[in-house]
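Asker: Just so it is clear, I am handing over protein.txt, which has compact mmCIF, C-alpha atoms and all ligand atoms.
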# COMPACT_ATOMS: atom_id res chain seq x y z
CA MET G 197 66.09 11.67 -74.30
CA ILE G 198 63.29 9.11 -74.37
CA ILE G 199 62.84 7.43 -77.71
CA GLU G 200 59.84 5.53 -78.89
CA LEU G 201 60.27 4.08 -82.33
CA LYS G 202 57.24 4.66 -84.52
CA GLU G 203 56.23 1.92 -86.89
CA SER G 204 57.65 3.95 -89.73
CA ALA G 205 61.05 4.27 -88.08
CA LYS G 206 63.52 2.14 -89.94
CA ALA G 207 66.43 2.74 -87.60
CA SER G 208 67.58 -0.17 -85.50
CA ALA G 209 68.56 0.33 -81.89
CA SER G 210 72.24 0.35 -82.77
CA ASP G 211 71.73 2.96 -85.53
CA LEU G 212 70.04 5.17 -82.99
CA ALA G 213 72.78 4.62 -80.45
CA GLU G 214 75.28 5.98 -82.94
CA LYS G 215 73.23 9.11 -83.60
CA VAL G 216 72.70 10.12 -79.98
CA LYS G 217 75.01 9.91 -76.99
CA ALA G 218 72.43 8.88 -74.41
CA PHE G 219 68.77 8.03 -74.44
CA HIS G 220 66.05 6.15 -72.64
CA ILE G 221 63.83 3.56 -74.17
CA ASN G 222 60.50 2.79 -72.61
CA TYR G 223 59.83 -0.88 -73.11
CA GLN G 224 57.48 -3.15 -71.20
CA ASP G 225 57.02 -0.59 -68.42
CA LYS G 226 60.75 -0.18 -67.90
CA ALA G 227 62.97 2.72 -68.90
CA TYR G 228 66.21 1.64 -70.51
CA LEU G 229 69.13 4.00 -70.38
CA ILE G 230 71.41 3.67 -73.38
CA THR G 231 74.73 5.48 -73.40
CA GLY G 232 76.94 5.45 -76.49
CA SER G 233 77.35 1.96 -77.76
CA ALA G 234 76.88 0.36 -74.33
CA LEU G 235 73.33 -0.88 -74.54
CA LYS G 236 72.40 -1.81 -71.00
CA GLU G 237 69.40 -4.01 -70.42
CA VAL G 238 68.03 -3.34 -73.88
CA PRO G 239 66.00 -6.32 -75.07
CA GLN G 240 67.56 -8.18 -77.94
CA ASP G 241 64.29 -8.17 -79.87
CA LEU G 242 63.75 -4.42 -79.51
CA GLU G 243 63.17 -3.98 -83.22
CA ALA G 244 60.31 -6.46 -83.10
CA HIS G 245 58.58 -4.03 -80.75
CA ALA G 246 59.35 -0.91 -82.76
CA ALA G 247 55.69 0.03 -83.19
CA ASN G 248 55.40 0.62 -79.46
CA PHE G 249 57.89 3.45 -79.17
CA TRP G 250 57.74 7.22 -79.60
CA ILE G 251 60.29 10.00 -79.80
CA PHE G 252 60.29 12.78 -77.21
CA ALA G 253 61.85 16.10 -78.10
CA ASN G 254 61.66 18.14 -74.92
CA ASP G 255 63.29 18.03 -71.49
CA ILE G 256 60.34 16.61 -69.60
CA GLN G 257 60.49 12.91 -70.23
CA LEU G 258 60.28 10.33 -67.45
CA ALA G 259 58.07 12.72 -65.48
CA SER G 260 55.74 13.28 -68.42
CA LYS G 261 52.26 11.90 -68.96
CA LYS G 262 53.45 10.91 -72.42
CA PHE G 263 55.97 8.53 -70.89
CA GLN G 264 53.52 7.22 -68.31
CA GLN G 265 49.91 8.32 -68.32
CA GLU G 266 49.12 7.03 -64.83
CA LYS G 267 50.27 8.95 -61.83
CA ARG G 268 53.29 7.37 -60.16
CA SER G 269 52.64 5.50 -56.98
CA VAL G 270 55.15 6.38 -54.27
CA ASN G 271 55.47 4.73 -50.87
CA PHE G 272 56.10 7.22 -48.09
CA GLY G 273 57.17 4.70 -45.50
CA ASN G 274 54.02 2.65 -44.93
CA VAL G 275 51.65 5.02 -46.76
CA THR G 276 51.13 5.00 -50.51
CA ILE G 277 50.38 8.21 -52.36
CA GLY G 278 49.77 8.71 -56.05
CA GLY G 279 48.80 5.83 -58.32
CA LYS G 280 45.18 4.94 -57.72
CA SER G 281 45.43 5.50 -53.97
CA ASN G 282 43.42 8.73 -53.70
CA HIS G 283 45.24 9.50 -50.48
CA THR G 284 45.99 13.03 -49.39
CA ILE G 285 48.73 12.64 -46.84
CA LEU G 286 48.75 15.31 -44.13
CA ILE G 287 52.39 15.80 -43.14
CA GLY G 288 52.62 17.73 -39.88
CA GLY G 289 55.28 18.87 -37.47
CA PRO G 290 57.60 21.71 -36.64
CA CYS G 291 59.72 23.72 -39.04
CA SER G 292 62.81 22.77 -37.02
CA VAL G 293 63.46 19.94 -34.62
CA GLU G 294 64.22 21.87 -31.41
CA SER G 295 64.13 19.30 -28.60
CA GLU G 296 62.97 15.78 -27.79
CA GLU G 297 60.06 17.15 -25.78
CA GLN G 298 58.88 19.28 -28.70
CA LEU G 299 59.17 16.46 -31.24
CA ARG G 300 57.54 13.88 -28.97
CA GLY G 301 54.60 16.25 -28.46
CA ALA G 302 54.22 16.58 -32.25
CA ALA G 303 54.46 12.81 -32.71
CA GLU G 304 51.77 12.23 -30.09
CA LEU G 305 49.55 14.84 -31.71
CA LEU G 306 49.78 13.08 -35.09
CA VAL G 307 49.29 9.58 -33.68
CA GLY G 308 46.29 10.80 -31.68
CA MET G 309 44.75 12.09 -34.92
CA GLY G 310 45.45 8.88 -36.85
CA LEU G 311 48.04 10.56 -39.08
CA SER G 312 51.16 8.89 -40.40
CA THR G 313 53.94 11.32 -41.27
CA LEU G 314 56.03 13.65 -39.11
CA ARG G 315 58.19 16.44 -40.49
CA GLY G 316 61.03 18.35 -38.84
CA GLY G 317 64.12 20.12 -40.15
CA ALA G 318 67.49 19.10 -38.73
CA TYR G 319 69.68 20.88 -41.28
CA LYS G 320 68.00 24.25 -41.83
CA PRO G 321 68.81 26.29 -44.96
CA ARG G 322 68.45 29.70 -43.30
CA THR G 323 68.73 32.95 -45.21
CA SER G 324 71.01 34.37 -42.51
CA PRO G 325 74.07 32.59 -41.11
CA TYR G 326 73.21 34.09 -37.71
CA SER G 327 69.82 32.35 -37.47
CA PHE G 328 69.32 28.91 -35.88
CA GLN G 329 70.85 26.38 -38.28
CA GLY G 330 69.17 23.23 -36.92
CA MET G 331 70.27 20.45 -34.57
CA GLY G 332 72.02 18.46 -37.31
CA LEU G 333 72.67 14.79 -36.60
CA GLU G 334 71.13 15.06 -33.14
CA GLY G 335 67.90 16.22 -34.81
CA LEU G 336 67.98 13.24 -37.17
CA GLN G 337 68.45 10.91 -34.21
CA LEU G 338 65.39 12.40 -32.53
CA LEU G 339 63.37 11.87 -35.73
CA ALA G 340 64.56 8.25 -35.83
CA LYS G 341 63.46 7.85 -32.21
CA MET G 342 59.95 9.08 -33.05
CA ARG G 343 59.83 6.68 -35.99
CA GLN G 344 60.71 3.84 -33.66
CA ASP G 345 58.54 4.86 -30.70
CA TYR G 346 55.40 5.82 -32.63
CA GLY G 347 55.66 3.97 -35.96
CA LEU G 348 55.50 7.29 -37.82
CA ASN G 349 57.11 7.95 -41.19
CA VAL G 350 59.54 10.85 -40.89
CA ILE G 351 60.68 13.39 -43.45
CA THR G 352 63.55 15.85 -43.23
CA GLU G 353 65.54 18.12 -45.49
CA ALA G 354 69.00 17.57 -46.96
CA ARG G 355 70.81 20.89 -47.14
CA ASP G 356 73.89 19.31 -48.64
CA ALA G 357 74.74 16.11 -50.54
CA THR G 358 76.87 14.98 -47.60
CA HIS G 359 73.69 14.76 -45.47
CA ILE G 360 72.00 12.18 -47.68
CA ALA G 361 73.58 9.05 -46.15
CA GLN G 362 72.62 10.15 -42.60
CA ILE G 363 69.11 11.06 -43.72
CA ILE G 364 68.62 7.70 -45.40
CA GLU G 365 69.74 5.98 -42.22
CA HIS G 366 67.46 7.91 -39.85
CA THR G 367 64.37 8.85 -41.85
CA ASP G 368 61.93 7.64 -44.53
CA ILE G 369 61.67 10.52 -47.00
CA ILE G 370 64.31 12.97 -48.25
CA GLN G 371 63.14 16.57 -48.67
CA VAL G 372 65.02 18.74 -51.15
CA GLY G 373 64.23 22.32 -50.22
CA ALA G 374 63.31 25.32 -52.32
CA LYS G 375 66.80 26.74 -51.96
CA ALA G 376 68.51 23.41 -52.67
CA MET G 377 66.54 22.16 -55.66
CA TYR G 378 69.13 23.36 -58.17
CA ASP G 379 71.90 21.56 -56.30
CA GLN G 380 72.86 18.75 -58.63
CA GLY G 381 75.06 17.15 -55.98
CA ILE G 382 71.95 16.64 -53.85
CA LEU G 383 69.77 15.58 -56.79
CA ARG G 384 72.35 13.07 -58.04
CA ALA G 385 72.79 11.66 -54.52
CA CYS G 386 68.98 11.29 -54.28
CA ALA G 387 69.02 9.43 -57.59
CA LYS G 388 71.30 6.75 -56.16
CA THR G 389 68.83 5.65 -53.50
CA GLN G 390 65.31 4.23 -53.76
CA LYS G 391 64.06 6.37 -50.85
CA PRO G 392 61.19 8.69 -51.77
CA VAL G 393 62.32 12.23 -52.57
CA LEU G 394 60.11 15.28 -52.11
CA ILE G 395 61.39 18.17 -54.23
CA LYS G 396 60.17 21.64 -53.28
CA ARG G 397 59.84 24.26 -55.97
CA GLY G 398 62.32 27.11 -55.77
CA PHE G 399 60.60 30.48 -55.35
CA GLY G 400 61.98 31.71 -58.68
CA THR G 401 61.67 28.41 -60.50
CA THR G 402 59.63 27.87 -63.66
CA LEU G 403 57.50 24.77 -63.91
CA GLN G 404 59.83 23.39 -66.56
CA GLU G 405 62.89 23.87 -64.34
CA PHE G 406 61.00 22.30 -61.44
CA VAL G 407 60.24 19.17 -63.42
CA GLN G 408 63.78 19.09 -64.80
CA ALA G 409 65.06 18.83 -61.22
CA ALA G 410 62.82 15.78 -60.85
CA GLU G 411 64.23 14.39 -64.11
CA PHE G 412 67.73 14.38 -62.56
CA VAL G 413 66.51 12.01 -59.87
CA LEU G 414 64.31 9.91 -62.15
CA SER G 415 66.87 9.50 -64.94
CA GLY G 416 69.54 8.69 -62.36
CA GLY G 417 67.59 5.61 -61.27
CA ASN G 418 65.18 6.62 -58.49
CA PRO G 419 61.53 6.49 -59.65
CA ASN G 420 60.16 7.67 -56.27
CA VAL G 421 59.82 11.41 -56.76
CA VAL G 422 57.11 13.74 -55.50
CA LEU G 423 56.81 17.45 -56.25
CA CYS G 424 55.94 20.11 -53.67
CA GLU G 425 54.56 23.55 -54.58
CA ARG G 426 55.38 25.93 -51.71
CA GLY G 427 54.85 29.36 -53.18
CA ILE G 428 56.77 31.51 -55.62
CA ARG G 429 57.97 35.10 -55.35
CA THR G 430 55.78 37.69 -57.05
CA PHE G 431 55.41 41.48 -56.76
CA GLU G 432 53.13 40.93 -53.74
CA THR G 433 54.66 41.59 -50.33
CA GLY G 434 51.55 41.24 -48.15
CA THR G 435 52.08 37.49 -47.98
CA ARG G 436 55.43 35.70 -47.80
CA PHE G 437 55.06 34.04 -51.22
CA THR G 438 52.25 33.31 -53.70
CA LEU G 439 50.93 29.75 -53.81
CA ASP G 440 50.83 28.84 -57.50
CA LEU G 441 47.66 26.80 -57.91
CA CYS G 442 47.74 27.38 -61.69
CA GLY G 443 51.12 25.70 -61.63
CA VAL G 444 49.64 22.77 -59.73
CA ALA G 445 46.95 22.38 -62.41
CA TRP G 446 49.72 22.45 -65.05
CA LEU G 447 51.71 19.78 -63.23
CA GLN G 448 48.60 17.61 -62.84
CA GLU G 449 47.93 17.92 -66.57
CA HIS G 450 51.46 17.32 -67.85
CA THR G 451 53.31 15.14 -65.36
CA ASN G 452 52.89 11.75 -63.76
CA LEU G 453 54.33 12.85 -60.40
CA PRO G 454 52.34 12.97 -57.17
CA ILE G 455 51.96 16.55 -55.91
CA ILE G 456 52.09 17.86 -52.37
CA LEU G 457 51.21 21.43 -51.43
CA ASP G 458 52.73 23.53 -48.68
CA PRO G 459 50.50 26.47 -47.77
CA SER G 460 52.53 27.19 -44.60
CA HIS G 461 55.63 28.47 -46.39
CA ALA G 462 53.57 30.09 -49.17
CA MET G 463 51.43 32.19 -46.83
CA GLY G 464 54.00 32.88 -44.16
CA TYR G 465 51.24 33.65 -41.64
CA ALA G 466 49.27 31.13 -39.60
CA TYR G 467 45.92 32.86 -40.28
CA GLY G 468 45.93 31.95 -43.98
CA VAL G 469 47.03 28.34 -43.71
CA ASN G 470 43.63 26.76 -43.02
CA PRO G 471 41.70 28.41 -45.91
CA LEU G 472 44.58 27.72 -48.30
CA ALA G 473 44.77 24.11 -47.18
CA ARG G 474 41.07 23.71 -48.01
CA ALA G 475 41.61 25.22 -51.45
CA CYS G 476 44.57 22.90 -52.06
CA VAL G 477 42.70 19.76 -51.02
CA ALA G 478 39.83 20.71 -53.33
CA MET G 479 42.22 20.27 -56.27
CA GLY G 480 42.58 16.54 -55.54
CA ILE G 481 46.19 16.48 -54.35
CA ASP G 482 48.43 13.79 -52.93
CA GLY G 483 49.54 15.61 -49.84
CA LEU G 484 49.72 18.70 -47.68
CA LEU G 485 52.70 19.85 -45.68
CA ILE G 486 51.71 21.90 -42.64
CA GLU G 487 54.03 23.31 -40.00
CA ALA G 488 52.86 23.02 -36.39
CA HIS G 489 54.53 23.96 -33.12
CA PRO G 490 53.41 23.67 -29.47
CA ASN G 491 54.08 27.40 -28.98
CA PRO G 492 54.70 29.08 -32.35
CA LYS G 493 55.69 32.40 -30.78
CA VAL G 494 58.94 30.91 -29.50
CA ALA G 495 59.71 28.71 -32.53
CA LYS G 496 63.34 28.89 -33.62
CA SER G 497 62.36 29.21 -37.30
CA ASP G 498 59.25 30.20 -39.27
CA ALA G 499 57.48 31.35 -36.08
CA SER G 500 54.80 33.42 -37.83
CA GLN G 501 53.42 30.62 -39.99
CA GLN G 502 53.37 27.61 -37.68
CA LEU G 503 49.97 26.49 -36.38
CA ASP G 504 49.47 25.74 -32.71
CA TYR G 505 48.04 22.32 -32.00
CA PRO G 506 44.36 23.32 -31.66
CA ALA G 507 44.60 25.09 -35.05
CA PHE G 508 46.27 22.02 -36.58
CA LYS G 509 43.42 19.82 -35.31
CA GLN G 510 40.88 22.27 -36.70
CA LEU G 511 42.61 22.21 -40.08
CA HIS G 512 42.49 18.40 -40.07
CA ALA G 513 38.75 18.46 -39.35
CA ASP G 514 38.10 21.10 -42.03
CA ILE G 515 40.04 19.46 -44.86
CA GLN G 516 38.42 16.07 -44.29
CA LYS G 517 35.10 17.40 -45.61
CA VAL G 518 36.77 18.90 -48.66
CA ALA G 519 38.79 15.74 -49.33
CA GLN G 520 35.65 13.64 -49.17
CA SER G 521 33.92 15.84 -51.71
CA VAL G 522 36.66 15.22 -54.28
CA GLY G 523 37.00 11.48 -53.51
CA TYR G 524 40.20 11.67 -51.47
CA LYS G 525 41.00 10.42 -47.98
CA ILE G 526 43.26 12.23 -45.53
CA VAL G 527 45.91 9.88 -44.13
C1 LIG G 601 60.84 23.85 -44.70
O1 LIG G 601 60.12 22.95 -45.15
O2 LIG G 601 60.94 24.13 -43.47
C2 LIG G 601 61.54 24.73 -45.66
C3 LIG G 601 62.71 25.28 -45.37
O3 LIG G 601 60.85 24.91 -46.81
P1 LIG G 601 61.29 25.60 -48.19
O4 LIG G 601 62.47 24.84 -48.70
O5 LIG G 601 60.06 25.43 -49.03
O6 LIG G 601 61.60 27.03 -47.89
MN MN G 602 59.85 26.07 -42.34
Now, as a test, write the supplied structure out as structure tokens.
Ligand code: PEP
Ligand code: MN
Answerer:
Amino acid sequence: MIIELKESAKASASDLAEKVKAFHINYQDKAYLITGSALKEVPQDLEAHAANFWIFANDIQLASKKFQQEKRSVNFGNVTIGGKSNHTILIGGPCSVESEEQLRGAAELLVGMGLSTLRGGAYKPRTSPYSFQGMGLEGLQLLAKMRQDYGLNVITEARDATHIAQIIEHTDIIQVGAKAMYDQGILRACAKTQKPVLIKRGFGTTLQEFVQAAEFVLSGGNPNVVLCERGIRTFETGTRFTLDLCGVAWLQEHTNLPIILDPSHAMGYAYGVNPLARACVAMGIDGLLIEAHPNPKVAKSDASQQLDYPAFKQLHADIQKVAQSVGYKIV
């Protein structure tokens, strides 16, 4: 719970601590977590500042605009998104890391286009246990190599809380996937680091539940959270999922978190990714996540939706114009 004391509130900090088991106080741009009678880091003169505080009653707190009106600024390696940056980061790369040759080709593609962030799954959360499960640690080591050789920021998914330490060591951004976003072991492990965390929306997840997942990381001590809309399941079967742009507008209105969109997983087919990407960028977003593969037909996962490299370059050219028209820059 976040508590702001209104001028009329007579309760002192210790009175409040007795009434509730745990709460946050927003004071001088810092959130103070108070549990029971142990008041950690709470300023001694809190009562003197009582007029500056408010009481929040719902479950969206640290992520809310009410807590912090300005969008959070999050450093993805050496690129800043959110805040006042007006950057739309174009994250590109394969669904799965498959080989050094494949990943190096993707890294060279991005560097050649002046882009900054490479994606690639090493621990893949597949729907079937008989599908390719990812290269594991070897995949992370290849991502680390690309980071070193090309100066790229790299992002990869944690399928399990036990992966977090390895991911922190080898990469710059932790991705929590659509299937893993309810896993509190992963969320709590992400809260214990300061690495940026990109949380993807589950395909049956309400907006409230989505933001609550972010609250686990934020309230646990990591302020560097970014949300990723990647499509939800509807009655429609013609496309893989339905990209929820209404939901994006809702998140932009109610939360202070940077938002990245993933039209690749939403559409499920390469042909729709470019037009969707243009629509996404028109909303003034902080990033796009696009899967690309040197030969999508033989990709070990998500073959139908990955763009080949000419199509990825075309997408980059097309979204630049849209980004410019809404005052954003593709990085
Ligand atoms: C991915 O990014 O390759 C992925 C598995 O995405 P999602 O968790 O959105 O399905
Ligand atoms: Mn994928």
Asker: Write out as a PyMOL selection string each polymer residue (protein, DNA or RNA) that has an atom no more than 9 Å from ligand MN 602 (chain G), with all atoms listed in the file counted.
Answerer: chain G and resi 290-292+316-317+320+460-461+487+497-499+501-502
Asker: For each of G:Ala318, G:Val522, G:Leu339, G:Val477, take the minimum atom-to-atom distance to ligand LIG 601 (chain G), counting only C-alpha atoms and all ligand atoms, then give the residue where this is smallest.
Answerer: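 Of G:Ala318, G:Val522, G:Leu339, G:Val477, the one nearest ligand LIG 601 (chain G), counting only C-alpha atoms and all ligand atoms, is G:Ala318.
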Asker: Just to confirm, what's the straight-line distance from CA of Gly279 (chain G) to CA of Gln264 (chain G) in Å (one decimal)?
Answerer: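 A separation of 11.1 Å between them.
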Asker: Give me the residues within 8 Å of Ala259 (chain G) as an MDAnalysis selection string, counting only C-alpha atoms and dropping any in the same chain fewer than 3 places off.
Answerer: chainID G and resid 256 263:264 407 410:411 414 451:453
Asker: Give me, please, the distance in Å between CA of Val275 (chain G) and CA of Leu423 (chain G), quoted to one decimal.
Answerer: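 Between CA of Val275 (chain G) and CA of Leu423 (chain G) the gap works out to 16.5 Å.
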Asker: Ile486 (chain G): which residues within 9 Å, counting only C-alpha atoms, same-chain residues fewer than 6 positions away excluded, as an MDAnalysis selection string?
Answerer: chainID G and resid 286:291 315 457:461 469 473 502:503 508
Asker: Could you please give me, as a PyMOL selection string, the residues of protein, DNA or RNA lying at most 12 Å from (63.4, 19.9, -64.8) in the coordinate frame of the file, considering all atoms listed in the file?
Answerer: chain G and resi 254-260+377-378+380+383+395+397-398+401-415+423+447+451
Asker: So how far away is CA of Asp345 (chain G) from CA of Cys424 (chain G), in Å?
Answerer: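 About the pair CA of Cys424 (chain G) and CA of Asp345 (chain G): they are 27.7 Å apart.
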Asker: Here is a test: counting all atoms listed in the file, which residue of G:Thr358, G:Thr313, G:Thr352, G:Ser295 is nearest to ligand LIG 601 (chain G)?
Answerer: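 Selected residue with least distance to ligand LIG 601 (chain G): G:Thr352.
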Asker: Which of these residues is nearest to ligand LIG 601 (chain G), using all atoms listed in the file: G:Thr430, G:Thr435, G:Asn418, G:Thr323?
Answerer: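 Nearest to ligand LIG 601 (chain G): G:Thr323.
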Asker: Could you tell me which of G:Gly310, G:Pro325, G:Gly381, G:Gly373 comes closest to Tyr346 (chain G) if we count all atoms listed in the file?
Answerer: G:Gly310
Asker: Which is closer to ligand LIG 601 (chain G) than all the others in G:Cys476, G:Ala445, G:Ile526, G:Ala462, using only C-alpha atoms and all ligand atoms?
Answerer: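 Using only C-alpha atoms and all ligand atoms, ligand LIG 601 (chain G) sits closest to G:Ala462.
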Asker: Go ahead and find all residues with at least one atom no further than 7 Å from (47.4, 18.7, -55.3) in the file's coordinates, using all atoms listed in the file; report them as number ranges by chain.
Answerer: G: 444, 455-457, 476-477, 479-483
Asker: My list of candidates is G:Glu449, G:Glu425, G:Asp356, G:Glu365. Which is closest to ligand LIG 601 (chain G) when distances are computed with only C-alpha atoms and all ligand atoms?
Answerer: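 Among G:Glu449, G:Glu425, G:Asp356, G:Glu365, it is G:Glu425 that comes nearest to ligand LIG 601 (chain G).
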Asker: Just the residues within 8 Å of Met331 (chain G), please, counting all atoms listed in the file, with nothing from its chain fewer than 6 positions along; format it as a ChimeraX atom specification.
Answerer: /G:293-294,318-319
